[in-house]
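Chemist: Input query_37.txt, format and content: compact mmCIF, C-alpha atoms.
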```txt
# COMPACT_ATOMS: atom_id res chain seq x y z
CA MET A 73 71.77 131.31 106.17
CA ALA A 74 70.82 127.81 105.12
CA ASN A 75 71.24 126.84 101.49
CA LYS A 76 68.04 126.81 99.46
CA GLN A 77 66.63 123.43 98.54
CA LYS A 78 66.91 122.80 94.82
CA ILE A 79 63.97 121.62 92.71
CA LEU A 80 64.38 120.29 89.18
CA ILE A 81 61.27 120.95 87.07
CA VAL A 82 60.99 118.66 84.05
CA ASP A 83 58.16 119.77 81.75
CA ASP A 84 57.97 120.58 78.05
CA ASP A 85 55.12 123.04 78.65
CA SER A 86 57.08 126.23 79.36
CA ASN A 87 54.03 128.10 80.71
CA ILE A 88 53.34 125.48 83.38
CA ALA A 89 57.05 125.14 84.19
CA GLU A 90 57.50 128.90 84.63
CA LEU A 91 54.42 129.13 86.85
CA ILE A 92 55.67 126.34 89.08
CA SER A 93 59.11 127.95 89.18
CA LEU A 94 57.61 131.28 90.23
CA TYR A 95 55.71 129.76 93.15
CA LEU A 96 58.71 127.71 94.30
CA THR A 97 60.95 130.77 94.18
CA LYS A 98 58.48 132.65 96.40
CA GLU A 99 58.72 129.78 98.89
CA CYS A 100 62.52 130.15 98.95
CA PHE A 101 63.34 127.15 96.79
CA GLU A 102 65.90 127.21 93.98
CA PRO A 103 64.17 125.85 90.85
CA MET A 104 65.67 124.84 87.51
CA ILE A 105 63.64 124.03 84.38
CA VAL A 106 64.42 121.51 81.63
CA GLY A 107 62.08 120.57 78.77
CA ASP A 108 63.02 117.02 77.75
CA GLY A 109 63.99 113.69 79.26
CA GLU A 110 67.61 113.48 78.09
CA SER A 111 68.36 116.95 79.46
CA ALA A 112 66.62 116.02 82.70
CA VAL A 113 68.96 113.09 83.36
CA GLU A 114 72.09 115.07 82.53
CA THR A 115 70.96 118.12 84.53
CA PHE A 116 70.10 115.90 87.48
CA LYS A 117 73.73 114.78 87.67
CA THR A 118 75.13 118.32 87.72
CA PHE A 119 72.36 120.25 89.51
CA GLN A 120 71.90 117.58 92.20
CA PRO A 121 68.38 118.67 93.19
CA ASP A 122 66.67 117.87 96.48
CA LEU A 123 63.48 116.95 94.60
CA VAL A 124 62.33 116.40 91.00
CA LEU A 125 58.98 117.47 89.56
CA LEU A 126 58.64 115.19 86.57
CA ASP A 127 56.09 115.44 83.76
CA LEU A 128 55.35 112.10 82.11
CA MET A 129 54.61 113.30 78.55
CA LEU A 130 58.04 114.45 77.37
CA PRO A 131 59.59 114.52 73.91
CA GLY A 132 62.07 111.70 73.35
CA MET A 133 62.67 109.95 76.65
CA ASP A 134 59.39 109.93 78.57
CA GLY A 135 58.93 110.55 82.27
CA TYR A 136 58.81 106.86 83.17
CA GLN A 137 62.22 106.29 81.61
CA VAL A 138 63.61 109.41 83.27
CA CYS A 139 62.38 108.08 86.61
CA ARG A 140 64.13 104.74 85.98
CA GLU A 141 67.37 106.51 85.10
CA ILE A 142 67.28 108.74 88.17
CA ARG A 143 66.54 105.77 90.42
CA THR A 144 69.73 104.08 89.22
CA LEU A 145 71.61 107.15 90.42
CA SER A 146 69.82 108.34 93.54
CA SER A 147 66.88 108.06 95.94
CA THR A 148 66.08 111.77 95.52
CA PRO A 149 62.30 112.32 95.86
CA ILE A 150 60.30 112.46 92.62
CA ILE A 151 56.77 113.86 92.20
CA MET A 152 55.23 112.86 88.87
CA LEU A 153 52.96 115.29 87.02
CA SER A 154 50.59 114.05 84.34
CA ALA A 155 47.30 114.63 82.56
CA LYS A 156 46.89 110.86 82.73
CA GLY A 157 44.57 110.11 85.61
CA GLU A 158 44.20 106.38 85.15
CA VAL A 159 44.97 104.17 88.14
CA PHE A 160 47.38 102.15 85.97
CA ASP A 161 49.48 105.22 85.24
CA LYS A 162 49.64 106.20 88.91
CA VAL A 163 50.56 102.70 90.03
CA LEU A 164 53.23 102.37 87.35
CA GLY A 165 54.75 105.69 88.34
CA LEU A 166 54.85 104.77 92.02
CA GLU A 167 56.24 101.31 91.28
CA LEU A 168 59.06 102.87 89.28
CA GLY A 169 60.08 104.83 92.35
CA ALA A 170 58.06 108.06 92.35
CA ASP A 171 57.18 109.42 95.78
CA ASP A 172 53.95 111.17 94.77
CA TYR A 173 51.71 111.69 91.73
CA MET A 174 49.64 114.73 90.77
CA GLU A 175 47.15 115.02 87.94
CA LYS A 176 47.05 118.03 85.63
CA PRO A 177 45.51 120.51 85.91
CA PHE A 178 46.54 121.01 89.54
CA ASP A 179 46.46 123.84 92.01
CA THR A 180 49.94 125.35 92.25
CA LYS A 181 49.60 125.97 95.98
CA GLU A 182 48.74 122.31 96.51
CA LEU A 183 51.78 121.31 94.48
CA VAL A 184 54.05 123.45 96.65
CA ALA A 185 52.46 121.94 99.76
CA ARG A 186 53.15 118.44 98.43
CA VAL A 187 56.74 119.38 97.62
CA LYS A 188 57.24 120.49 101.21
CA ALA A 189 55.52 117.36 102.57
CA VAL A 190 57.63 114.98 100.48
CA LEU A 191 60.83 116.80 101.42
CA ARG A 192 59.86 116.60 105.11
CA ARG A 193 59.26 112.85 104.83
CA TYR A 194 62.52 112.34 102.98
CA LYS A 195 64.48 114.40 105.49
CA THR A 196 62.98 112.77 108.57
CA THR A 197 63.00 109.18 107.32
CA PRO A 198 65.42 107.45 109.65
CA ALA A 199 68.45 106.02 107.98
CA GLN A 200 68.30 102.29 107.55
CA PRO A 201 70.32 100.60 110.25
CA GLU A 202 73.51 99.08 109.03
CA ALA A 203 73.55 95.35 108.81
CA PRO A 204 75.20 93.94 111.89
CA ALA A 205 78.78 93.06 111.23
CA VAL A 206 79.38 89.37 110.87
CA GLN A 207 81.52 88.12 113.71
CA VAL A 208 84.41 86.36 112.04
CA LYS A 209 85.58 83.24 113.86
CA LYS A 210 89.26 83.03 113.08
CA ALA A 211 92.38 81.65 114.75
CA GLU A 212 95.60 83.22 113.45
CA TYR A 213 99.21 82.23 114.02
CA THR A 214 102.43 82.58 112.09
CA ASP A 215 101.92 80.77 108.75
CA LEU A 216 98.44 79.56 109.78
CA VAL A 217 94.97 81.10 109.53
CA VAL A 218 91.95 78.95 110.40
CA ASN A 219 88.72 80.72 109.46
CA LEU A 220 85.58 78.99 110.70
CA THR A 221 83.30 81.67 109.24
CA ASN A 222 84.09 80.81 105.62
CA TYR A 223 85.57 77.34 106.32
CA SER A 224 89.03 78.03 104.99
CA VAL A 225 92.56 77.20 106.11
CA LEU A 226 95.60 79.14 104.93
CA TYR A 227 98.92 77.41 105.68
CA LYS A 228 102.20 79.03 104.64
CA GLY A 229 100.29 81.25 102.23
CA LYS A 230 98.43 78.43 100.52
CA VAL A 231 94.84 77.27 100.86
CA VAL A 232 94.55 73.78 102.35
CA ASP A 233 91.50 71.72 101.46
CA MET A 234 89.87 70.12 104.48
CA PRO A 235 86.60 68.35 105.18
CA PRO A 236 84.38 70.34 107.56
CA LYS A 237 85.03 68.18 110.64
CA GLU A 238 88.80 68.38 110.22
CA LEU A 239 88.60 72.15 109.96
CA GLU A 240 86.25 72.42 112.93
CA LEU A 241 88.58 70.27 115.03
CA LEU A 242 91.61 72.35 114.05
CA TYR A 243 89.78 75.59 114.80
CA PHE A 244 88.50 74.33 118.17
CA LEU A 245 92.03 73.44 119.26
CA ALA A 246 93.70 76.54 117.81
CA ALA A 247 91.09 78.86 119.33
CA SER A 248 92.17 77.68 122.81
CA PRO A 249 95.96 77.50 122.65
CA ASN A 250 97.74 75.31 125.20
CA GLN A 251 94.46 74.02 126.61
CA VAL A 252 94.25 70.25 126.88
CA PHE A 253 91.09 68.52 125.65
CA THR A 254 90.21 64.89 126.20
CA ARG A 255 89.11 62.82 123.26
CA GLU A 256 85.63 62.67 124.79
CA GLN A 257 85.46 66.47 125.00
CA LEU A 258 86.50 66.78 121.37
CA LEU A 259 83.94 64.20 120.31
CA ASP A 260 81.25 66.07 122.18
CA GLN A 261 82.18 69.48 120.77
CA ILE A 262 82.81 68.50 117.15
CA TRP A 263 80.69 65.42 116.47
CA GLY A 264 78.02 65.35 119.15
CA TYR A 265 76.90 62.84 121.69
CA GLU A 266 76.19 60.06 119.21
CA TYR A 267 79.92 59.54 118.73
CA ILE A 268 80.77 59.31 122.41
CA GLY A 269 82.89 56.24 123.04
CA ASP A 270 84.36 56.08 119.53
CA THR A 271 87.58 57.95 120.34
CA ARG A 272 89.25 56.52 117.23
CA THR A 273 87.35 59.19 115.27
CA VAL A 274 89.40 61.90 116.97
CA ASP A 275 92.69 60.06 116.48
CA VAL A 276 92.04 59.56 112.77
CA HIS A 277 91.21 63.24 112.24
CA ILE A 278 94.26 64.39 114.22
CA LYS A 279 96.43 62.12 112.04
CA ARG A 280 94.98 63.66 108.89
CA LEU A 281 95.50 67.18 110.24
CA ARG A 282 99.14 66.47 111.00
CA GLU A 283 99.65 65.21 107.45
CA LYS A 284 98.36 68.53 106.09
CA ILE A 285 99.58 70.91 108.81
CA THR A 286 103.07 69.90 109.95
CA ASP A 287 104.68 71.11 113.17
CA HIS A 288 105.81 74.73 113.14
CA ALA A 289 108.62 76.35 115.09
CA GLU A 290 106.05 78.40 117.03
CA TRP A 291 103.12 75.98 117.31
CA ARG A 292 102.03 72.39 116.82
CA ILE A 293 99.24 69.91 117.52
CA SER A 294 100.52 68.00 120.54
CA THR A 295 99.45 64.68 122.03
CA VAL A 296 99.02 64.69 125.79
CA TRP A 297 99.55 61.02 126.54
CA GLY A 298 96.74 59.33 128.37
CA ILE A 299 94.48 62.40 128.07
CA GLY A 300 94.03 63.87 124.60
CA TYR A 301 95.34 66.75 122.50
CA LYS A 302 96.19 70.44 122.58
CA PHE A 303 97.29 73.16 120.20
CA GLU A 304 100.65 74.00 121.72
CA VAL A 305 102.02 77.49 121.25
CA ARG A 306 105.70 77.86 122.14
```
Now, as a test, write the supplied structure out as structure tokens.
Modeler:
Amino acid sequence: MANKQKILIVDDDSNIAELISLYLTKECFEPMIVGDGESAVETFKTFQPDLVLLDLMLPGMDGYQVCREIRTLSSTPIIMLSAKGEVFDKVLGLELGADDYMEKPFDTKELVARVKAVLRRYKTTPAQPEAPAVQVKKAEYTDLVVNLTNYSVLYKGKVVDMPPKELELLYFLAASPNQVFTREQLLDQIWGYEYIGDTRTVDVHIKRLREKITDHAEWRISTVWGIGYKFEVR
């Protein structure tokens, strides 16, 4: 047998609260009544209701504040109940996170129908799709991690500061180990067509990289004479 759905009734008018509780019990819900705002927040945490029926005019903490507090804890549906019928009051309640608003006096059967409708909507609302995972562009070797996603280089456990183009050049080479690239190819990939012909740009950046990232027993930035460079993995 399925567990009964729990409804927290927050109303300082015990006659109204008991009447609502009676109707909800007949419809196979499990109601609980509290008469003030502070108790409502504490009971919400322990009772963990499926829906809250919340009167606005409460002693101490009013219904608006109770709604704010619940919304910091949960997205559980809230139906506000109030003798206030002004548009401002309804809008404020809905903006604070209420799912529905009923004016007093109300028909108890209509209230139960609205409870069921809100619970149906809440239950059938499709979960928000998870944000697509960011594809991390990273080249990892012993003592070297080149992360293009967050533009960081970790060498022998320490962060190495690099200008963007140096880092992009290092990543491009390290991401294709042992592949030889001409200076023209590197210019095209890292700097764009406007630098074609100025191969000194590549040589200068390679020199700077070698000053910061020295040869390792397992890898190094190698010069292929007459052609260009490669990230050599031994």
Chemist: Can you check which parts of region 81-105 of chain A lie within 12 Å of region 127-136 of chain A? Per residue, the shortest pair of atoms and distance in Å to one decimal, counting all atoms listed in the file, sorted by chain and number, as JSON lines.
Modeler:
```
{"residue": "A:Ile81", "atom": "CA", "partner": "A:Asp127", "partner_atom": "CA", "distance": 8.3}
{"residue": "A:Val82", "atom": "CA", "partner": "A:Asp127", "partner_atom": "CA", "distance": 5.9}
{"residue": "A:Asp83", "atom": "CA", "partner": "A:Asp127", "partner_atom": "CA", "distance": 5.2}
{"residue": "A:Asp84", "atom": "CA", "partner": "A:Leu130", "partner_atom": "CA", "distance": 6.2}
{"residue": "A:Asp85", "atom": "CA", "partner": "A:Leu130", "partner_atom": "CA", "distance": 9.2}
{"residue": "A:Ser86", "atom": "CA", "partner": "A:Asp127", "partner_atom": "CA", "distance": 11.7}
{"residue": "A:Ile88", "atom": "CA", "partner": "A:Asp127", "partner_atom": "CA", "distance": 10.4}
{"residue": "A:Ala89", "atom": "CA", "partner": "A:Asp127", "partner_atom": "CA", "distance": 9.8}
{"residue": "A:Ile105", "atom": "CA", "partner": "A:Asp127", "partner_atom": "CA", "distance": 11.5}
```
Chemist: Once you have the residues from the selection above, write them out as a compact mmCIF listing (two decimals), keeping the file's coordinate frame, restricted to C-alpha atoms.
Modeler:
```txt
# COMPACT_ATOMS: atom_id res chain seq x y z
CA ILE A 81 61.27 120.95 87.07
CA VAL A 82 60.99 118.66 84.05
CA ASP A 83 58.16 119.77 81.75
CA ASP A 84 57.97 120.58 78.05
CA ASP A 85 55.12 123.04 78.65
CA SER A 86 57.08 126.23 79.36
CA ILE A 88 53.34 125.48 83.38
CA ALA A 89 57.05 125.14 84.19
CA ILE A 105 63.64 124.03 84.38
```
Chemist: Quick check, in Å to one decimal: how far apart do CA of Gly165 (chain A) and CA of Lys98 (chain A) lie?
Modeler: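 The value is 28.4 Å.
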Chemist: In terms of the shortest atom-to-atom distance over only C-alpha atoms, which of A:Val163, A:Ile285, A:Trp297, A:Met174 is closest to Val218 (chain A)?
Modeler: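 Answer, going by the shortest atom-to-atom distance: A:Ile285.
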Chemist: Find the spatial neighbours of Tyr173 (chain A), counting only C-alpha atoms, within a cut-off of 8 Å - ignore same-chain residues fewer than 5 positions away - and output them as an mmCIF file with C-alpha atoms, keeping the file's coordinate frame.
Modeler:
```
data_model
loop_
_atom_site.group_PDB
_atom_site.id
_atom_site.type_symbol
_atom_site.label_atom_id
_atom_site.label_comp_id
_atom_site.auth_asym_id
_atom_site.auth_seq_id
_atom_site.Cartn_x
_atom_site.Cartn_y
_atom_site.Cartn_z
ATOM 1 C CA ILE A 151 56.770 113.860 92.200
ATOM 2 C CA MET A 152 55.230 112.860 88.870
ATOM 3 C CA LEU A 153 52.960 115.290 87.020
ATOM 4 C CA SER A 154 50.590 114.050 84.340
ATOM 5 C CA LYS A 162 49.640 106.200 88.910
ATOM 6 C CA GLY A 165 54.750 105.690 88.340
ATOM 7 C CA LEU A 166 54.850 104.770 92.020
#
```
Chemist: Restricting the calculation to only C-alpha atoms, which member of A:Ala289, A:Cys139, A:Leu126, A:Val252 is positioned closest to Asp215 (chain A)?
Modeler: A:Ala289
Chemist: Can you measure CA of Thr214 (chain A) to CA of Glu290 (chain A) for me? One decimal in Å is fine.
Modeler: 7.4 Å
Chemist: For each of A:Leu259, A:Ala211, A:Val124, A:Ala185, take the minimum atom-to-atom distance to Ala170 (chain A), counting all atoms listed in the file, then give the residue where this is smallest.
Modeler: A:Val124
Chemist: Quick check, in Å to one decimal: how far apart do CA of Lys302 (chain A) and CA of Ala246 (chain A) lie?
Modeler: 8.1 Å
